[in-house]
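Source file my_file-v8.cif; content: mmCIF, C-alpha atoms.
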data_work
#
loop_
_atom_site.group_PDB
_atom_site.id
_atom_site.type_symbol
_atom_site.label_atom_id
_atom_site.label_comp_id
_atom_site.auth_asym_id
_atom_site.auth_seq_id
_atom_site.Cartn_x
_atom_site.Cartn_y
_atom_site.Cartn_z
ATOM 1 C CA MET A 167 -4.026 -18.503 -0.144
ATOM 2 C CA GLN A 168 -3.354 -19.871 -3.627
ATOM 3 C CA THR A 169 -1.893 -16.695 -5.100
ATOM 4 C CA ALA A 170 1.835 -17.012 -5.696
ATOM 5 C CA ILE A 171 4.119 -14.210 -6.798
ATOM 6 C CA THR A 172 7.300 -15.553 -8.306
ATOM 7 C CA PRO A 173 10.162 -13.752 -10.008
ATOM 8 C CA MET A 174 10.618 -14.814 -13.649
ATOM 9 C CA ARG A 175 12.905 -13.157 -16.191
ATOM 10 C CA GLU A 176 13.017 -9.966 -14.114
ATOM 11 C CA ALA A 177 9.191 -9.686 -14.183
ATOM 12 C CA PHE A 178 6.853 -10.798 -11.421
ATOM 13 C CA VAL A 179 4.293 -13.263 -12.659
ATOM 14 C CA ILE A 180 1.183 -13.445 -10.507
ATOM 15 C CA LYS A 181 -0.226 -16.948 -10.858
ATOM 16 C CA VAL A 182 -3.963 -17.264 -10.351
ATOM 17 C CA ALA A 183 -5.756 -20.511 -9.486
ATOM 18 C CA ALA A 184 -9.494 -21.198 -9.626
ATOM 19 C CA THR A 185 -9.412 -21.134 -5.815
ATOM 20 C CA SER A 186 -7.537 -17.807 -5.558
ATOM 21 C CA ARG A 187 -9.388 -15.076 -3.688
ATOM 22 C CA THR A 188 -10.269 -12.285 -6.124
ATOM 23 C CA SER A 189 -9.420 -9.555 -3.622
ATOM 24 C CA SER A 190 -6.001 -11.096 -2.880
ATOM 25 C CA VAL A 191 -5.154 -11.312 -6.568
ATOM 26 C CA ALA A 192 -6.407 -7.764 -7.164
ATOM 27 C CA GLY A 193 -4.285 -6.489 -4.264
ATOM 28 C CA ALA A 194 -1.220 -8.258 -5.663
ATOM 29 C CA ILE A 195 -1.786 -6.782 -9.134
ATOM 30 C CA ALA A 196 -2.293 -3.281 -7.730
ATOM 31 C CA GLY A 197 0.816 -3.616 -5.555
ATOM 32 C CA VAL A 198 3.034 -4.761 -8.421
ATOM 33 C CA MET A 199 1.649 -2.005 -10.679
ATOM 34 C CA ARG A 200 2.379 0.666 -8.061
ATOM 35 C CA ASP A 201 5.958 -0.650 -7.672
ATOM 36 C CA ARG A 202 6.826 -1.435 -11.282
ATOM 37 C CA GLN A 203 4.177 0.096 -13.599
ATOM 38 C CA HIS A 204 3.954 -3.339 -15.254
ATOM 39 C CA ALA A 205 2.521 -6.673 -14.173
ATOM 40 C CA GLU A 206 1.959 -10.129 -15.607
ATOM 41 C CA VAL A 207 -0.844 -12.379 -14.461
ATOM 42 C CA GLN A 208 -1.076 -16.010 -15.517
ATOM 43 C CA ALA A 209 -4.037 -18.397 -15.359
ATOM 44 C CA ILE A 210 -4.844 -21.878 -16.665
ATOM 45 C CA GLY A 211 -8.424 -23.003 -17.268
ATOM 46 C CA ALA A 212 -11.783 -21.252 -17.514
ATOM 47 C CA SER A 213 -12.301 -20.823 -13.756
ATOM 48 C CA ALA A 214 -8.869 -19.325 -13.141
ATOM 49 C CA ILE A 215 -9.201 -17.067 -16.196
ATOM 50 C CA ASN A 216 -12.584 -15.878 -14.916
ATOM 51 C CA GLN A 217 -11.023 -15.190 -11.493
ATOM 52 C CA THR A 218 -8.240 -13.242 -13.182
ATOM 53 C CA VAL A 219 -10.649 -11.066 -15.186
ATOM 54 C CA GLU A 220 -12.609 -10.248 -12.022
ATOM 55 C CA ALA A 221 -9.349 -9.460 -10.188
ATOM 56 C CA LEU A 222 -8.233 -7.187 -13.049
ATOM 57 C CA ILE A 223 -11.507 -5.237 -12.809
ATOM 58 C CA LEU A 224 -11.030 -4.874 -9.051
ATOM 59 C CA ALA A 225 -7.335 -3.925 -9.396
ATOM 60 C CA LYS A 226 -8.330 -1.330 -11.983
ATOM 61 C CA SER A 227 -10.679 0.303 -9.467
ATOM 62 C CA TYR A 228 -7.968 0.239 -6.756
ATOM 63 C CA LEU A 229 -5.482 1.939 -9.088
ATOM 64 C CA GLU A 230 -8.009 4.486 -10.341
ATOM 65 C CA ASP A 231 -8.075 5.722 -6.743
ATOM 66 C CA ASP A 232 -4.332 6.378 -7.176
ATOM 67 C CA GLY A 233 -4.915 8.111 -10.516
ATOM 68 C CA MET A 234 -3.509 5.228 -12.574
ATOM 69 C CA ASP A 235 -5.506 3.952 -15.576
ATOM 70 C CA ILE A 236 -4.519 0.454 -16.699
ATOM 71 C CA VAL A 237 -5.116 -1.686 -19.786
ATOM 72 C CA PHE A 238 -4.636 -5.396 -20.422
ATOM 73 C CA THR A 239 -3.219 -7.557 -23.174
ATOM 74 C CA PRO A 240 -3.899 -11.310 -23.033
ATOM 75 C CA ASN A 241 -1.648 -13.836 -24.739
ATOM 76 C CA PHE A 242 -1.325 -17.604 -24.816
ATOM 77 C CA VAL A 243 1.847 -19.002 -23.246
ATOM 78 C CA ASP A 244 3.027 -22.578 -22.851
ATOM 79 C CA VAL A 245 4.026 -23.473 -19.310
ATOM 80 C CA GLY A 246 5.503 -26.671 -17.926
ATOM 81 C CA ILE A 247 3.604 -28.121 -14.963
ATOM 82 C CA ASP A 248 4.563 -31.476 -13.465
ATOM 83 C CA GLY A 249 6.508 -32.334 -16.603
ATOM 84 C CA LYS A 250 3.602 -31.563 -18.958
ATOM 85 C CA ILE A 251 3.179 -28.578 -21.262
ATOM 86 C CA ARG A 252 -0.076 -26.691 -20.693
ATOM 87 C CA THR A 253 -1.428 -23.582 -22.382
ATOM 88 C CA ALA A 254 -1.963 -20.690 -20.008
ATOM 89 C CA VAL A 255 -3.321 -17.213 -20.610
ATOM 90 C CA LYS A 256 -0.921 -14.472 -19.549
ATOM 91 C CA PHE A 257 -2.429 -11.006 -19.049
ATOM 92 C CA THR A 258 0.074 -8.188 -19.393
ATOM 93 C CA VAL A 259 -0.954 -5.108 -17.419
ATOM 94 C CA ASP A 260 0.311 -1.652 -18.404
ATOM 95 C CA PRO A 261 -0.650 1.979 -17.781
ATOM 96 C CA ARG A 262 -2.887 3.344 -20.548
ATOM 97 C CA MET B 73 -23.821 -19.589 -34.351
ATOM 98 C CA GLN B 74 -24.394 -18.087 -30.911
ATOM 99 C CA THR B 75 -22.554 -14.842 -31.551
ATOM 100 C CA ALA B 76 -24.931 -11.890 -31.806
ATOM 101 C CA ILE B 77 -23.985 -8.375 -32.785
ATOM 102 C CA THR B 78 -26.612 -5.886 -31.677
ATOM 103 C CA PRO B 79 -26.597 -2.105 -31.841
ATOM 104 C CA MET B 80 -26.740 -0.513 -28.369
ATOM 105 C CA ARG B 81 -26.297 3.172 -27.585
ATOM 106 C CA GLU B 82 -24.513 3.720 -30.903
ATOM 107 C CA ALA B 83 -21.931 1.055 -30.059
ATOM 108 C CA PHE B 84 -21.974 -2.525 -31.275
ATOM 109 C CA VAL B 85 -21.965 -4.982 -28.398
ATOM 110 C CA ILE B 86 -20.710 -8.439 -29.317
ATOM 111 C CA LYS B 87 -22.386 -10.916 -26.978
ATOM 112 C CA VAL B 88 -20.456 -14.102 -26.315
ATOM 113 C CA ALA B 89 -21.997 -17.330 -25.028
ATOM 114 C CA ALA B 90 -20.180 -20.360 -23.648
ATOM 115 C CA THR B 91 -21.136 -22.126 -26.894
ATOM 116 C CA SER B 92 -19.856 -19.338 -29.193
ATOM 117 C CA ARG B 93 -17.138 -20.383 -31.608
ATOM 118 C CA THR B 94 -13.892 -18.624 -30.697
ATOM 119 C CA SER B 95 -12.982 -17.966 -34.325
ATOM 120 C CA SER B 96 -16.438 -16.452 -35.054
ATOM 121 C CA VAL B 97 -16.195 -14.126 -32.078
ATOM 122 C CA ALA B 98 -12.619 -13.175 -32.979
ATOM 123 C CA GLY B 99 -13.689 -12.415 -36.543
ATOM 124 C CA ALA B 100 -16.547 -10.234 -35.290
ATOM 125 C CA ILE B 101 -14.221 -8.308 -32.950
ATOM 126 C CA ALA B 102 -11.640 -7.783 -35.688
ATOM 127 C CA GLY B 103 -14.344 -6.654 -38.133
ATOM 128 C CA VAL B 104 -15.856 -4.120 -35.729
ATOM 129 C CA MET B 105 -12.381 -2.819 -34.825
ATOM 130 C CA ARG B 106 -11.482 -2.325 -38.483
ATOM 131 C CA ASP B 107 -14.771 -0.436 -39.064
ATOM 132 C CA ARG B 108 -14.998 1.608 -35.872
ATOM 133 C CA GLN B 109 -11.638 1.450 -34.014
ATOM 134 C CA HIS B 110 -13.655 0.527 -30.918
ATOM 135 C CA ALA B 111 -15.538 -2.600 -29.847
ATOM 136 C CA GLU B 112 -17.437 -3.884 -26.834
ATOM 137 C CA VAL B 113 -17.687 -7.556 -26.009
ATOM 138 C CA GLN B 114 -19.997 -8.868 -23.314
ATOM 139 C CA ALA B 115 -20.010 -12.235 -21.539
ATOM 140 C CA ILE B 116 -21.781 -13.785 -18.570
ATOM 141 C CA GLY B 117 -20.296 -16.685 -16.626
ATOM 142 C CA ALA B 118 -16.854 -18.272 -16.423
ATOM 143 C CA SER B 119 -17.142 -20.297 -19.646
ATOM 144 C CA ALA B 120 -18.285 -17.344 -21.750
ATOM 145 C CA ILE B 121 -15.622 -15.088 -20.202
ATOM 146 C CA ASN B 122 -12.974 -17.704 -21.001
ATOM 147 C CA GLN B 123 -14.272 -17.881 -24.593
ATOM 148 C CA THR B 124 -14.099 -14.101 -24.816
ATOM 149 C CA VAL B 125 -10.490 -13.958 -23.595
ATOM 150 C CA GLU B 126 -9.469 -16.586 -26.146
ATOM 151 C CA ALA B 127 -11.336 -14.676 -28.887
ATOM 152 C CA LEU B 128 -9.605 -11.435 -27.852
ATOM 153 C CA ILE B 129 -6.198 -13.109 -28.183
ATOM 154 C CA LEU B 130 -7.139 -14.400 -31.631
ATOM 155 C CA ALA B 131 -8.620 -11.025 -32.720
ATOM 156 C CA LYS B 132 -5.415 -9.361 -31.552
ATOM 157 C CA SER B 133 -3.369 -11.600 -33.858
ATOM 158 C CA TYR B 134 -5.749 -10.910 -36.789
ATOM 159 C CA LEU B 135 -5.442 -7.142 -36.275
ATOM 160 C CA GLU B 136 -1.662 -7.278 -35.825
ATOM 161 C CA ASP B 137 -1.583 -8.500 -39.431
ATOM 162 C CA ASP B 138 -3.300 -5.168 -40.322
ATOM 163 C CA GLY B 139 -0.805 -3.209 -38.197
ATOM 164 C CA MET B 140 -3.336 -2.477 -35.436
ATOM 165 C CA ASP B 141 -2.295 -3.105 -31.805
ATOM 166 C CA ILE B 142 -5.255 -3.418 -29.422
ATOM 167 C CA VAL B 143 -5.716 -3.340 -25.637
ATOM 168 C CA PHE B 144 -8.659 -4.341 -23.445
ATOM 169 C CA THR B 145 -10.448 -2.930 -20.441
ATOM 170 C CA PRO B 146 -12.882 -5.204 -18.589
ATOM 171 C CA ASN B 147 -15.729 -3.840 -16.473
ATOM 172 C CA PHE B 148 -18.723 -5.266 -14.665
ATOM 173 C CA VAL B 149 -22.107 -4.289 -16.098
ATOM 174 C CA ASP B 150 -25.615 -5.223 -14.978
ATOM 175 C CA VAL B 151 -27.769 -6.589 -17.766
ATOM 176 C CA GLY B 152 -31.432 -7.618 -17.746
ATOM 177 C CA ILE B 153 -32.067 -11.128 -19.068
ATOM 178 C CA ASP B 154 -35.547 -12.655 -18.934
ATOM 179 C CA GLY B 155 -36.601 -10.066 -16.381
ATOM 180 C CA LYS B 156 -33.648 -10.765 -14.052
ATOM 181 C CA ILE B 157 -30.595 -8.596 -13.458
ATOM 182 C CA ARG B 158 -27.322 -10.447 -14.037
ATOM 183 C CA THR B 159 -23.742 -9.238 -13.795
ATOM 184 C CA ALA B 160 -21.843 -9.470 -17.049
ATOM 185 C CA VAL B 161 -18.254 -8.620 -17.890
ATOM 186 C CA LYS B 162 -17.935 -6.113 -20.712
ATOM 187 C CA PHE B 163 -14.552 -5.880 -22.418
ATOM 188 C CA THR B 164 -13.886 -2.576 -24.131
ATOM 189 C CA VAL B 165 -11.411 -2.906 -27.004
ATOM 190 C CA ASP B 166 -9.368 0.073 -28.183
ATOM 191 C CA PRO B 167 -6.212 0.691 -30.201
ATOM 192 C CA ARG B 168 -3.146 1.002 -27.968
#
Now that the file is in, can you turn its structure into structure tokens?
Amino acid sequence: MQTAITPMREAFVIKVAATSRTSSVAGAIAGVMRDRQHAEVQAIGASAINQTVEALILAKSYLEDDGMDIVFTPNFVDVGIDGKIRTAVKFTVDPR
Amino acid sequence: MQTAITPMREAFVIKVAATSRTSSVAGAIAGVMRDRQHAEVQAIGASAINQTVEALILAKSYLEDDGMDIVFTPNFVDVGIDGKIRTAVKFTVDPR
């Protein structure tokens, strides 16, 4: 289980790895959206970004069942990993 | 130049390949959004999806300069390529 949910600046950032299970990530996104009506999902690299997009599609279908329609805004963010700065993509999730 | 803009069901679908230039795709998205206030961007495979996400971030910054804030909705779509059905991700782009 590579999905980690960590508190950061009062928001939960869901960090997605290339090895994350899509359904686990989607469940985490849906759960955070139900609780907070806002979520942030962060991925580094093409595989992890692909996983994140698939998880967002799945989370969207979960939340549609609850009557919530969500939209996404991607942004680049610099994150420090093992003392190095890497560029991640952070997807902000909000109700439409 | 791998980016193709083709008319489909009255909407323009911007098709992104792994080899597409991010800035070309971003320019196409921004142009279609300025013209139509709606765009659809389609990609198959992790590399092309990654390219698309990066192009969406860039297009977003272009359009912010015009005072337009955009959001994205990804969906799976089945597309026929060379007689085979493949699953693509289609990103719908709309003003917030």
Hey, what comes out of the PyMOL selection byres ((chain B) within 12 of (chain A)) on this file? Could you write it as a compact mmCIF listing (two decimals) with C-alpha atoms, in the coordinates of the input?
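Final file, expr.txt:
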# COMPACT_ATOMS: atom_id res chain seq x y z
CA ALA B 90 -20.18 -20.36 -23.65
CA ALA B 115 -20.01 -12.24 -21.54
CA ILE B 116 -21.78 -13.78 -18.57
CA GLY B 117 -20.30 -16.68 -16.63
CA ALA B 118 -16.85 -18.27 -16.42
CA SER B 119 -17.14 -20.30 -19.65
CA ALA B 120 -18.28 -17.34 -21.75
CA ILE B 121 -15.62 -15.09 -20.20
CA ASN B 122 -12.97 -17.70 -21.00
CA GLN B 123 -14.27 -17.88 -24.59
CA THR B 124 -14.10 -14.10 -24.82
CA VAL B 125 -10.49 -13.96 -23.60
CA GLU B 126 -9.47 -16.59 -26.15
CA ALA B 127 -11.34 -14.68 -28.89
CA LEU B 128 -9.60 -11.44 -27.85
CA ILE B 129 -6.20 -13.11 -28.18
CA LEU B 130 -7.14 -14.40 -31.63
CA ALA B 131 -8.62 -11.02 -32.72
CA LYS B 132 -5.42 -9.36 -31.55
CA SER B 133 -3.37 -11.60 -33.86
CA ASP B 141 -2.30 -3.10 -31.80
CA ILE B 142 -5.26 -3.42 -29.42
CA VAL B 143 -5.72 -3.34 -25.64
CA PHE B 144 -8.66 -4.34 -23.44
CA THR B 145 -10.45 -2.93 -20.44
CA PRO B 146 -12.88 -5.20 -18.59
CA ASN B 147 -15.73 -3.84 -16.47
CA PHE B 148 -18.72 -5.27 -14.66
CA VAL B 149 -22.11 -4.29 -16.10
CA THR B 159 -23.74 -9.24 -13.80
CA ALA B 160 -21.84 -9.47 -17.05
CA VAL B 161 -18.25 -8.62 -17.89
CA LYS B 162 -17.93 -6.11 -20.71
CA PHE B 163 -14.55 -5.88 -22.42
CA THR B 164 -13.89 -2.58 -24.13
CA VAL B 165 -11.41 -2.91 -27.00
CA ASP B 166 -9.37 0.07 -28.18
CA PRO B 167 -6.21 0.69 -30.20
CA ARG B 168 -3.15 1.00 -27.97
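Our summary of the geometry notes that atom CA of Thr188 of chain A is positioned 20.9 Å from atom CA of Arg202 of chain A.
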### Query
What separation in Å, quoted to one decimal, exists between atom CA of Ser186 of chain A and atom CA of Ile153 of chain B?
28.8 Å
### Task
Mind giving me the straight-line distance from atom CA of Arg187 of chain A to atom CA of Val151 of chain B in Å, one decimal?
24.7 Å
Quick one: 8 Å padding each side, axis-aligned, all listed atoms of segment 121-139 of chain B - centre and edge lengths in Å to one decimal, as AutoDock Vina command-line options?
--center_x -8.2 --center_y -10.5 --center_z -30.3 --size_x 30.8 --size_y 30.7 --size_z 36.1
